[in-house]
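Quick look at structure27.cif (mmCIF, C-alpha atoms and all ligand atoms):
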data_start
loop_
_atom_site.label_atom_id
_atom_site.label_comp_id
_atom_site.auth_asym_id
_atom_site.auth_seq_id
_atom_site.Cartn_x
_atom_site.Cartn_y
_atom_site.Cartn_z
CA MET A 2 -7.07 -10.64 11.62
CA LEU A 3 -10.77 -10.19 11.05
CA ALA A 4 -13.19 -9.57 8.31
CA ALA A 5 -16.82 -9.80 7.39
CA LYS A 6 -18.94 -12.67 8.63
CA THR A 7 -19.01 -14.21 5.21
CA SER A 8 -15.27 -14.38 4.81
CA PRO A 9 -13.83 -17.87 5.25
CA GLU A 10 -10.66 -16.41 6.84
CA VAL A 11 -12.74 -15.28 9.81
CA THR A 12 -13.81 -18.75 10.77
CA ALA A 13 -10.18 -19.75 10.94
CA ALA A 14 -9.21 -16.68 12.98
CA ALA A 15 -9.59 -16.11 16.72
CA LYS A 16 -13.14 -15.40 17.88
CA PRO A 17 -13.98 -11.70 17.69
CA LEU A 18 -14.57 -9.77 20.91
CA VAL A 19 -17.44 -7.78 19.40
CA SER A 20 -19.67 -9.60 16.98
CA ILE A 21 -22.40 -7.69 15.17
CA THR A 22 -24.60 -9.99 13.13
CA ASN A 23 -27.29 -8.77 10.71
CA VAL A 24 -28.17 -5.97 13.08
CA GLN A 25 -31.02 -3.68 12.15
CA LYS A 26 -32.56 -0.75 13.93
CA THR A 27 -35.84 0.95 13.17
CA TYR A 28 -37.04 3.72 15.45
CA PHE A 29 -40.80 3.67 15.78
CA THR A 30 -41.83 7.28 16.19
CA ARG A 31 -45.25 8.91 16.21
CA GLN A 32 -44.62 9.81 12.59
CA ALA A 33 -43.23 7.30 10.09
CA PRO A 34 -40.78 4.65 11.34
CA VAL A 35 -37.12 5.58 10.78
CA GLN A 36 -34.83 2.81 9.59
CA ALA A 37 -31.55 3.96 11.13
CA VAL A 38 -29.46 0.83 10.42
CA ALA A 39 -30.14 -1.82 7.78
CA SER A 40 -28.77 -5.34 8.07
CA THR A 41 -25.19 -4.77 9.22
CA SER A 42 -22.54 -7.29 10.16
CA VAL A 43 -19.09 -6.52 11.44
CA ASP A 44 -16.65 -8.11 13.86
CA VAL A 45 -14.00 -6.47 16.01
CA ALA A 46 -11.08 -8.44 17.41
CA ARG A 47 -9.72 -7.99 20.92
CA GLY A 48 -7.31 -5.06 21.02
CA GLU A 49 -8.41 -3.66 17.69
CA PHE A 50 -9.13 0.04 17.07
CA VAL A 51 -11.98 0.36 14.58
CA SER A 52 -13.39 3.69 13.42
CA LEU A 53 -16.85 4.26 11.98
CA LEU A 54 -17.08 6.96 9.34
CA GLY A 55 -20.11 8.05 7.34
CA PRO A 56 -22.52 10.85 6.57
CA SER A 57 -24.59 12.50 9.27
CA GLY A 58 -27.67 10.42 10.08
CA CYS A 59 -26.31 7.13 8.69
CA GLY A 60 -26.67 5.37 12.06
CA LYS A 61 -23.18 5.48 13.58
CA SER A 62 -24.35 6.61 17.03
CA THR A 63 -27.27 4.20 16.86
CA LEU A 64 -24.87 1.31 16.21
CA LEU A 65 -22.64 2.43 19.09
CA MET A 66 -25.64 2.73 21.45
CA MET A 67 -26.71 -0.81 20.50
CA ILE A 68 -23.21 -2.14 21.21
CA ALA A 69 -23.37 -0.35 24.58
CA GLY A 70 -26.75 -1.98 25.33
CA LEU A 71 -28.40 1.44 25.56
CA GLU A 72 -30.58 0.74 22.49
CA GLN A 73 -31.99 -2.62 21.44
CA PRO A 74 -31.67 -3.83 17.83
CA THR A 75 -34.95 -4.51 16.02
CA GLY A 76 -33.22 -7.35 14.16
CA GLY A 77 -30.04 -9.39 14.40
CA SER A 78 -27.79 -9.61 17.44
CA ILE A 79 -24.70 -8.15 19.06
CA SER A 80 -22.47 -10.18 21.32
CA LEU A 81 -19.48 -9.22 23.43
CA ALA A 82 -17.03 -11.97 24.31
CA GLY A 83 -19.62 -14.52 23.27
CA SER A 84 -22.56 -13.22 25.33
CA GLU A 85 -25.43 -11.30 23.79
CA VAL A 86 -25.77 -7.64 24.74
CA ARG A 87 -29.17 -6.99 26.33
CA GLU A 88 -28.42 -4.14 28.74
CA PRO A 89 -25.56 -1.79 29.72
CA ARG A 90 -22.52 -3.74 30.91
CA ARG A 91 -19.49 -3.30 33.11
CA ASP A 92 -17.00 -4.31 30.45
CA ILE A 93 -17.77 -1.21 28.37
CA GLY A 94 -16.63 2.38 28.82
CA ILE A 95 -18.35 5.10 26.82
CA ILE A 96 -17.19 8.54 25.83
CA PHE A 97 -19.89 10.73 24.33
CA GLN A 98 -19.49 13.64 21.94
CA ASP A 99 -19.87 16.15 24.79
CA ALA A 100 -17.82 15.37 27.85
CA THR A 101 -21.09 15.22 29.88
CA LEU A 102 -19.34 15.72 33.21
CA LEU A 103 -21.37 16.40 36.33
CA PRO A 104 -20.90 20.17 36.78
CA TRP A 105 -21.09 20.16 40.57
CA LYS A 106 -18.41 17.48 40.99
CA SER A 107 -14.63 17.88 40.84
CA ALA A 108 -12.57 16.29 38.07
CA LEU A 109 -11.56 13.52 40.49
CA ASP A 110 -15.15 12.82 41.55
CA ASN A 111 -16.29 12.80 37.94
CA VAL A 112 -13.66 10.16 37.16
CA LEU A 113 -14.89 8.16 40.15
CA PHE A 114 -18.55 8.39 39.15
CA PRO A 115 -18.78 4.92 37.45
CA VAL A 116 -17.13 3.40 40.55
CA ARG A 117 -19.98 4.75 42.69
CA ILE A 118 -22.62 3.63 40.20
CA LEU A 119 -21.09 0.14 40.02
CA ARG A 120 -20.76 0.12 43.85
CA LEU A 121 -17.06 -0.71 43.74
CA PRO A 122 -14.74 0.13 46.67
CA ILE A 123 -13.81 3.80 46.38
CA GLU A 124 -10.35 3.88 47.99
CA PRO A 125 -8.38 1.69 45.53
CA TYR A 126 -10.13 3.40 42.66
CA ARG A 127 -9.30 6.86 44.03
CA ARG A 128 -5.63 5.97 43.61
CA ARG A 129 -6.27 4.73 40.10
CA ALA A 130 -8.26 7.88 39.26
CA ARG A 131 -5.30 10.02 40.34
CA GLU A 132 -2.92 7.91 38.23
CA LEU A 133 -5.17 8.31 35.20
CA LEU A 134 -5.48 12.08 35.70
CA ALA A 135 -1.70 12.28 36.01
CA MET A 136 -1.29 10.31 32.79
CA VAL A 137 -3.35 12.89 30.88
CA GLY A 138 -1.53 15.81 32.53
CA LEU A 139 -4.31 16.85 34.90
CA SER A 140 -2.75 16.16 38.31
CA ASP A 141 -3.03 19.81 39.27
CA PHE A 142 -6.69 19.98 38.24
CA GLU A 143 -8.25 17.10 40.16
CA ASN A 144 -10.17 19.42 42.48
CA LYS A 145 -11.42 21.74 39.72
CA LYS A 146 -15.03 21.72 38.58
CA PRO A 147 -15.75 21.17 34.86
CA SER A 148 -16.53 24.89 34.39
CA GLN A 149 -12.95 25.64 35.46
CA LEU A 150 -11.50 23.33 32.79
CA SER A 151 -10.96 23.84 29.06
CA GLY A 152 -12.86 21.69 26.51
CA GLY A 153 -9.77 19.53 25.94
CA MET A 154 -9.28 19.08 29.68
CA ARG A 155 -12.94 18.06 30.09
CA GLN A 156 -12.54 15.46 27.36
CA ARG A 157 -9.43 14.12 29.08
CA VAL A 158 -11.42 13.79 32.31
CA ALA A 159 -14.13 11.96 30.34
CA ILE A 160 -11.50 9.56 28.96
CA CYS A 161 -10.24 8.87 32.51
CA ARG A 162 -13.84 8.30 33.63
CA ALA A 163 -14.37 5.76 30.84
CA LEU A 164 -11.15 3.96 31.82
CA ILE A 165 -11.58 3.98 35.60
CA HIS A 166 -13.23 0.57 35.94
CA ASP A 167 -10.83 -0.92 33.38
CA PRO A 168 -13.40 -1.94 30.74
CA ASP A 169 -12.32 -4.21 27.90
CA ILE A 170 -14.11 -2.10 25.32
CA LEU A 171 -14.12 1.65 24.79
CA LEU A 172 -16.90 3.18 22.71
CA MET A 173 -16.16 6.74 21.62
CA ASP A 174 -18.72 8.89 19.80
CA GLU A 175 -17.01 11.86 18.14
CA PRO A 176 -15.08 12.54 21.33
CA PHE A 177 -12.89 15.30 19.90
CA SER A 178 -15.21 17.00 17.45
CA ALA A 179 -15.73 20.11 19.60
CA LEU A 180 -12.01 20.77 19.95
CA ASP A 181 -9.77 23.07 17.91
CA ALA A 182 -7.42 21.43 15.42
CA ILE A 183 -4.26 21.62 17.54
CA THR A 184 -5.96 20.32 20.69
CA ARG A 185 -7.55 17.58 18.63
CA ASP A 186 -4.15 16.48 17.33
CA GLN A 187 -2.83 16.50 20.89
CA MET A 188 -5.80 14.41 22.03
CA ASN A 189 -5.16 11.91 19.21
CA VAL A 190 -1.59 11.48 20.43
CA ALA A 191 -2.74 11.32 24.08
CA LEU A 192 -5.30 8.64 23.21
CA SER A 193 -2.70 6.58 21.32
CA GLU A 194 -0.35 6.80 24.30
CA ILE A 195 -3.11 5.84 26.77
CA LEU A 196 -3.92 2.80 24.63
CA GLU A 197 -0.25 1.75 24.61
CA THR A 198 -0.43 1.52 28.41
CA HIS A 199 -4.03 0.35 28.80
CA LYS A 200 -4.65 -1.90 25.82
CA LYS A 201 -8.35 -1.74 24.86
CA THR A 202 -10.65 -2.66 22.08
CA VAL A 203 -11.95 0.64 20.69
CA ILE A 204 -14.89 1.51 18.46
CA PHE A 205 -14.55 5.15 17.53
CA VAL A 206 -17.04 7.33 15.66
CA THR A 207 -15.65 10.36 13.86
CA HIS A 208 -16.32 12.62 10.88
CA SER A 209 -12.61 13.17 10.38
CA ILE A 210 -11.09 10.92 7.72
CA ARG A 211 -7.59 11.91 8.77
CA GLU A 212 -8.27 11.17 12.45
CA ALA A 213 -9.78 7.78 11.58
CA ALA A 214 -6.87 6.83 9.34
CA PHE A 215 -4.28 7.96 11.89
CA LEU A 216 -5.78 6.21 14.92
CA SER A 217 -7.33 3.04 13.54
CA ASP A 218 -6.40 -0.51 12.67
CA ARG A 219 -9.52 -0.58 10.49
CA VAL A 220 -11.91 2.03 9.18
CA VAL A 221 -15.50 1.05 8.44
CA VAL A 222 -17.56 3.38 6.23
CA MET A 223 -21.33 3.32 6.77
CA GLY A 224 -23.82 4.78 4.33
CA GLY A 225 -26.25 4.08 1.55
CA ARG A 226 -30.02 4.04 1.86
CA PRO A 227 -30.91 2.38 4.12
CA SER A 228 -27.59 2.54 5.83
CA THR A 229 -25.17 -0.38 6.00
CA ILE A 230 -21.44 -1.01 5.66
CA MET A 231 -19.93 0.20 2.40
CA LEU A 232 -16.25 -0.34 3.10
CA ASP A 233 -14.14 -2.08 5.72
CA MET A 234 -10.51 -1.15 5.23
CA LYS A 235 -7.31 -2.05 7.07
CA MET A 236 -4.97 0.87 7.79
CA PRO A 237 -1.57 -0.25 6.51
CA PHE A 238 0.54 1.88 8.87
CA GLU A 239 3.04 0.66 11.46
CA ARG A 240 2.63 1.53 15.14
CA PRO A 241 3.55 3.62 17.03
CA ARG A 242 2.46 6.29 14.55
CA ARG A 243 3.78 9.80 14.24
CA PHE A 244 2.06 12.70 12.55
CA GLU A 245 4.67 12.62 9.78
CA ILE A 246 2.89 9.60 8.28
CA GLU A 247 0.10 11.95 7.24
CA GLU A 248 2.41 13.43 4.63
CA THR A 249 3.23 10.08 3.02
CA PRO A 250 1.69 9.17 -0.37
CA GLU A 251 0.31 5.99 1.23
CA PHE A 252 -1.64 7.92 3.85
CA VAL A 253 -2.94 10.39 1.28
CA ALA A 254 -4.09 7.50 -0.94
CA VAL A 255 -5.91 5.82 1.96
CA CYS A 256 -7.68 9.07 2.83
CA ARG A 257 -8.63 9.58 -0.83
CA LYS A 258 -10.22 6.15 -0.98
CA LEU A 259 -12.13 6.76 2.25
CA ARG A 260 -13.30 10.15 1.03
CA LEU A 261 -14.52 8.68 -2.25
CA THR A 262 -16.51 6.02 -0.43
CA ILE A 263 -18.05 8.59 1.91
CA GLU A 264 -19.08 10.68 -1.08
CA GLN A 265 -20.78 7.60 -2.49
CA ALA A 266 -22.32 6.95 0.93
CA HIS A 267 -23.84 10.45 0.81
CA THR A 268 -25.56 9.75 -2.47
CA GLY A 269 -26.59 6.26 -1.42
CA VAL A 270 -24.82 4.83 -4.46
CA PRO A 271 -23.01 1.59 -3.64
CA SER A 272 -19.24 1.70 -3.55
CA GLN A 273 -17.30 0.64 -6.64
CA ILE A 274 -15.56 -2.00 -4.55
CA PRO A 275 -16.31 -5.51 -5.84
CA ALA A 276 -19.38 -6.94 -4.13
CA ALA A 277 -17.41 -9.75 -2.51
CA LYS A 278 -15.15 -7.23 -0.82
CA GLN A 279 -17.77 -4.70 0.23
CA ARG A 280 -18.40 -6.37 3.57
CA GLY A 281 -14.91 -7.74 3.99
CA VAL A 282 -11.62 -6.17 4.88
CA VAL A 283 -9.90 -4.37 2.04
CA GLU A 284 -6.14 -4.69 2.39
N1 LIG B 1 -34.20 8.18 19.40
C1 LIG B 1 -34.48 8.30 18.10
N2 LIG B 1 -35.76 8.29 17.66
C2 LIG B 1 -36.06 8.36 16.36
N3 LIG B 1 -35.14 8.46 15.38
C3 LIG B 1 -33.85 8.49 15.75
C4 LIG B 1 -33.45 8.41 17.12
N4 LIG B 1 -32.10 8.46 17.18
C5 LIG B 1 -31.68 8.56 15.91
N5 LIG B 1 -32.72 8.59 15.05
C6 LIG B 1 -32.66 8.63 13.59
O1 LIG B 1 -31.85 7.54 13.17
C7 LIG B 1 -31.01 7.94 12.11
C8 LIG B 1 -29.57 7.66 12.50
O2 LIG B 1 -29.22 8.53 13.57
P1 LIG B 1 -27.79 8.48 14.27
O3 LIG B 1 -27.81 9.46 15.37
O4 LIG B 1 -27.45 7.08 14.60
O5 LIG B 1 -26.84 8.97 13.08
P2 LIG B 1 -25.29 9.35 13.07
O6 LIG B 1 -24.67 8.59 11.96
O7 LIG B 1 -24.72 9.17 14.42
O8 LIG B 1 -25.33 10.89 12.67
P3 LIG B 1 -24.32 12.08 13.11
O9 LIG B 1 -23.07 11.89 12.30
O10 LIG B 1 -25.05 13.32 12.71
O11 LIG B 1 -24.09 12.00 14.59
C9 LIG B 1 -31.32 9.39 11.82
O12 LIG B 1 -32.24 9.43 10.75
C10 LIG B 1 -31.96 9.89 13.08
O13 LIG B 1 -32.90 10.89 12.80
MG MG B 2 -23.94 10.49 15.86
#

The structure given in the file should be rewritten as structure tokens.
Amino acid sequence: MLAAKTSPEVTAAAKPLVSITNVQKTYFTRQAPVQAVASTSVDVARGEFVSLLGPSGCGKSTLLMMIAGLEQPTGGSISLAGSEVREPRRDIGIIFQDATLLPWKSALDNVLFPVRILRLPIEPYRRRARELLAMVGLSDFENKKPSQLSGGMRQRVAICRALIHDPDILLMDEPFSALDAITRDQMNVALSEILETHKKTVIFVTHSIREAAFLSDRVVVMGGRPSTIMLDMKMPFERPRRFEIEETPEFVAVCRKLRLTIEQAHTGVPSQIPAAKQRGVVE
């Protein structure tokens, strides 16, 4: 479906929704400049779920912030549906690592917050907000403040908030990392179900290999020094997925390969994958 920019198959395929071309990011600080992302190219097709994995500090959040238009690249370009990203846009929904809900607002009003910012008509969106909260099992909690909700409930509210204005693209930065293992599994299933109903293109940052393999169509491993893409791998599992797949030898083998690449990413040593495949999709 998609691959690295250099792959001839890509030119023949449908145009990607997200196109990241030779993007670089250097933060100029008072001390030495920090090169967060070296020349990186990756495409994401409409409807695809792509996870970014990699060691802490390798530039995953920076890449996500650039896609969101919240940070500007210092080299290269990012385009969404053919137009270059220069500022935050309506067609993107973002879910940060912490739910970052407004503490003085109810769950319902938090979900409606982007509607107010975007100056959209509140009434039709209020109905949609209630439908979304019902879908994630929070109908009875719409009037509760964030402090009255559990961590998992707050994240579910944050997911509804990101979906309220029906963006094409969802950017998720370690959305479930603060949750316990069982809640995290439940959130993975909830997210998969939400995406069945509301088909989106998702770019998802996580440190969990298992989570990435379970949720994604493709997993991209970032790393090396300076950081770039070390592996871009298709997840060969049918959908809808059930947790039982995690016990299959195929799933275990995929996770092993991802883990090996991340270990190499930690040391900055290039992956053992043939050079031609390093920036393309590994089947
Ligand atoms: N605003 C900033 N100013 C200066 N340097 C920054 C800034 N934001 C990030 N960095 C640096 O850029 C590099 C990449 O940071 P980034 O947050 O993108 O990494 P990450 O892969 O998301 O890490 P983690 O997995 O820990 O969240 C790091 O060296 C970090 O110190
Ligand atoms: Mg980060």

Give me the residues within 12 Å of Ala266 of chain A as a compact mmCIF listing (two decimals) with C-alpha atoms, in the coordinates of the input, counting all atoms listed in the file and dropping any in the same chain fewer than 3 places off.
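Heads up, here's the output in selection_4.txt:
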# COMPACT_ATOMS: atom_id res chain seq x y z
CA LEU A 54 -17.08 6.96 9.34
CA GLY A 55 -20.11 8.05 7.34
CA PRO A 56 -22.52 10.85 6.57
CA SER A 57 -24.59 12.50 9.27
CA GLY A 58 -27.67 10.42 10.08
CA CYS A 59 -26.31 7.13 8.69
CA VAL A 221 -15.50 1.05 8.44
CA VAL A 222 -17.56 3.38 6.23
CA MET A 223 -21.33 3.32 6.77
CA GLY A 224 -23.82 4.78 4.33
CA GLY A 225 -26.25 4.08 1.55
CA ARG A 226 -30.02 4.04 1.86
CA PRO A 227 -30.91 2.38 4.12
CA SER A 228 -27.59 2.54 5.83
CA THR A 229 -25.17 -0.38 6.00
CA ILE A 230 -21.44 -1.01 5.66
CA MET A 231 -19.93 0.20 2.40
CA LEU A 232 -16.25 -0.34 3.10
CA LEU A 259 -12.13 6.76 2.25
CA ARG A 260 -13.30 10.15 1.03
CA LEU A 261 -14.52 8.68 -2.25
CA THR A 262 -16.51 6.02 -0.43
CA ILE A 263 -18.05 8.59 1.91
CA GLY A 269 -26.59 6.26 -1.42
CA VAL A 270 -24.82 4.83 -4.46
CA PRO A 271 -23.01 1.59 -3.64
CA SER A 272 -19.24 1.70 -3.55
CA GLN A 273 -17.30 0.64 -6.64

Discussion item. To check your reading of the model: which residues sit at most 9 Å from ligand MG 2 (chain B) when counting only C-alpha atoms and all ligand atoms? Write the answer as a PyMOL selection string.
Written reply: chain A and resi 57-63+65+98+174-175+206-207

Output for the residues just chosen: C-alpha atoms as a PDB file, in the coordinates of the input:
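Contents of out.pdb, as written:
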ATOM      1  CA  SER A  57     -24.590  12.500   9.270  1.00  0.00           C
ATOM      2  CA  GLY A  58     -27.670  10.420  10.080  1.00  0.00           C
ATOM      3  CA  CYS A  59     -26.310   7.130   8.690  1.00  0.00           C
ATOM      4  CA  GLY A  60     -26.670   5.370  12.060  1.00  0.00           C
ATOM      5  CA  LYS A  61     -23.180   5.480  13.580  1.00  0.00           C
ATOM      6  CA  SER A  62     -24.350   6.610  17.030  1.00  0.00           C
ATOM      7  CA  THR A  63     -27.270   4.200  16.860  1.00  0.00           C
ATOM      8  CA  LEU A  65     -22.640   2.430  19.090  1.00  0.00           C
ATOM      9  CA  GLN A  98     -19.490  13.640  21.940  1.00  0.00           C
ATOM     10  CA  ASP A 174     -18.720   8.890  19.800  1.00  0.00           C
ATOM     11  CA  GLU A 175     -17.010  11.860  18.140  1.00  0.00           C
ATOM     12  CA  VAL A 206     -17.040   7.330  15.660  1.00  0.00           C
ATOM     13  CA  THR A 207     -15.650  10.360  13.860  1.00  0.00           C
TER      14      THR A 207
END

Discussion item. Give me the residues near Arg157 of chain A as a PyMOL selection string, where near means some atom within 8 Å (using all atoms listed in the file) and where sequence neighbours in that chain fewer than 2 positions away do not count.
Written reply: chain A and resi 134+137+153-155+159-161+188

Write the residues of the selection above to a file with C-alpha atoms, as an mmCIF file, in the frame of the given file.
data_model
loop_
_atom_site.group_PDB
_atom_site.id
_atom_site.type_symbol
_atom_site.label_atom_id
_atom_site.label_comp_id
_atom_site.auth_asym_id
_atom_site.auth_seq_id
_atom_site.Cartn_x
_atom_site.Cartn_y
_atom_site.Cartn_z
ATOM 1 C CA LEU A 134 -5.480 12.080 35.700
ATOM 2 C CA VAL A 137 -3.350 12.890 30.880
ATOM 3 C CA GLY A 153 -9.770 19.530 25.940
ATOM 4 C CA MET A 154 -9.280 19.080 29.680
ATOM 5 C CA ARG A 155 -12.940 18.060 30.090
ATOM 6 C CA ALA A 159 -14.130 11.960 30.340
ATOM 7 C CA ILE A 160 -11.500 9.560 28.960
ATOM 8 C CA CYS A 161 -10.240 8.870 32.510
ATOM 9 C CA MET A 188 -5.800 14.410 22.030
#

Worksheet item: Within 12 Å of (-12.7, 14.3, 39.6), in the coordinates the file gives, what residues turn up when you count all atoms listed in the file, written out as JSON, numbers by chain?
Response: {"A": [102, 103, 104, 105, 106, 107, 108, 109, 110, 111, 112, 113, 114, 115, 116, 126, 127, 128, 129, 130, 131, 132, 133, 134, 135, 139, 140, 141, 142, 143, 144, 145, 146, 147, 150, 154, 155, 157, 158, 159, 160, 161, 162, 165]}

Item to complete: Write out as JSON, numbers by chain the residues lying within 8 Å of Asp92 of chain A, counting all atoms listed in the file and excluding same-chain residues fewer than 3 positions away.
Response: {"A": [167, 168, 169, 170]}

Worksheet item: Do you have the atom O11 of ligand LIG 1 (chain B)-atom CA of Arg47 of chain A distance handy?
Response: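 We find that atom O11 of ligand LIG 1 (chain B) and atom CA of Arg47 of chain A lie 25.4 Å from each other.
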
Worksheet item: Which residues, written as a PyMOL selection string, have at least one atom at most 10 Å from Ala179 of chain A, with all atoms listed in the file counted and residues fewer than 3 positions away on the same chain left out?
Response: chain A and resi 98-100+152-153+156+175-176+182+184-185

Discussion item. Using Å and a single decimal, report how far atom CA of Leu119 of chain A sits from atom CA of Ala191 of chain A.
Written reply: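 Here the two named atoms are 26.8 Å from each other.
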
Item to complete: Find the residues around segment 27-30 of chain A up to 9 Å (all atoms listed in the file counted), leave out those fewer than 3 positions away in its own chain, and share them as a list in words.
Response: Ala33, Pro34, Val35, Gln36, Ala37, Val38, Ala39, Pro74, Thr75 and Gly76 of chain A

Worksheet item: What does the distance between atom CA of Met236 of chain A and atom CA of Gly77 of chain A come to in Å, to one decimal place?
Response: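 For atom CA of Met236 of chain A relative to atom CA of Gly77 of chain A, the distance reads 27.9 Å.
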
Worksheet item: Taking only C-alpha atoms and all ligand atoms into account, which of A:Asp44, A:Ser80, A:Lys201, A:Glu72 comes nearest ligand LIG 1 (chain B)?
Response: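 Ranked by minimum distance to ligand LIG 1 (chain B), first place goes to A:Glu72.
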
Worksheet item: Which is closest to Leu216 of chain A among A:Leu180, A:Val51, A:Leu172, A:Leu64, if we use all atoms listed in the file?
Response: A:Val51

Emit as lines of an AutoDock Vina configuration file the padded axis-aligned box for all listed atoms of segment 131-143 of chain A, 5 Å per side, with centre and edge lengths in Å to one decimal.
center_x = -4.8
center_y = 13.9
center_z = 35.6
size_x = 17.0
size_y = 22.1
size_z = 19.5

Item to complete: Check the smallest atom-to-atom distance from each of A:Gly83, A:Gly48, A:Pro89, A:Pro17 to Leu196 of chain A using all atoms listed in the file, then report the winner.
Response: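 Residue with the minimum atom-to-atom distance to Leu196 of chain A: A:Gly48.
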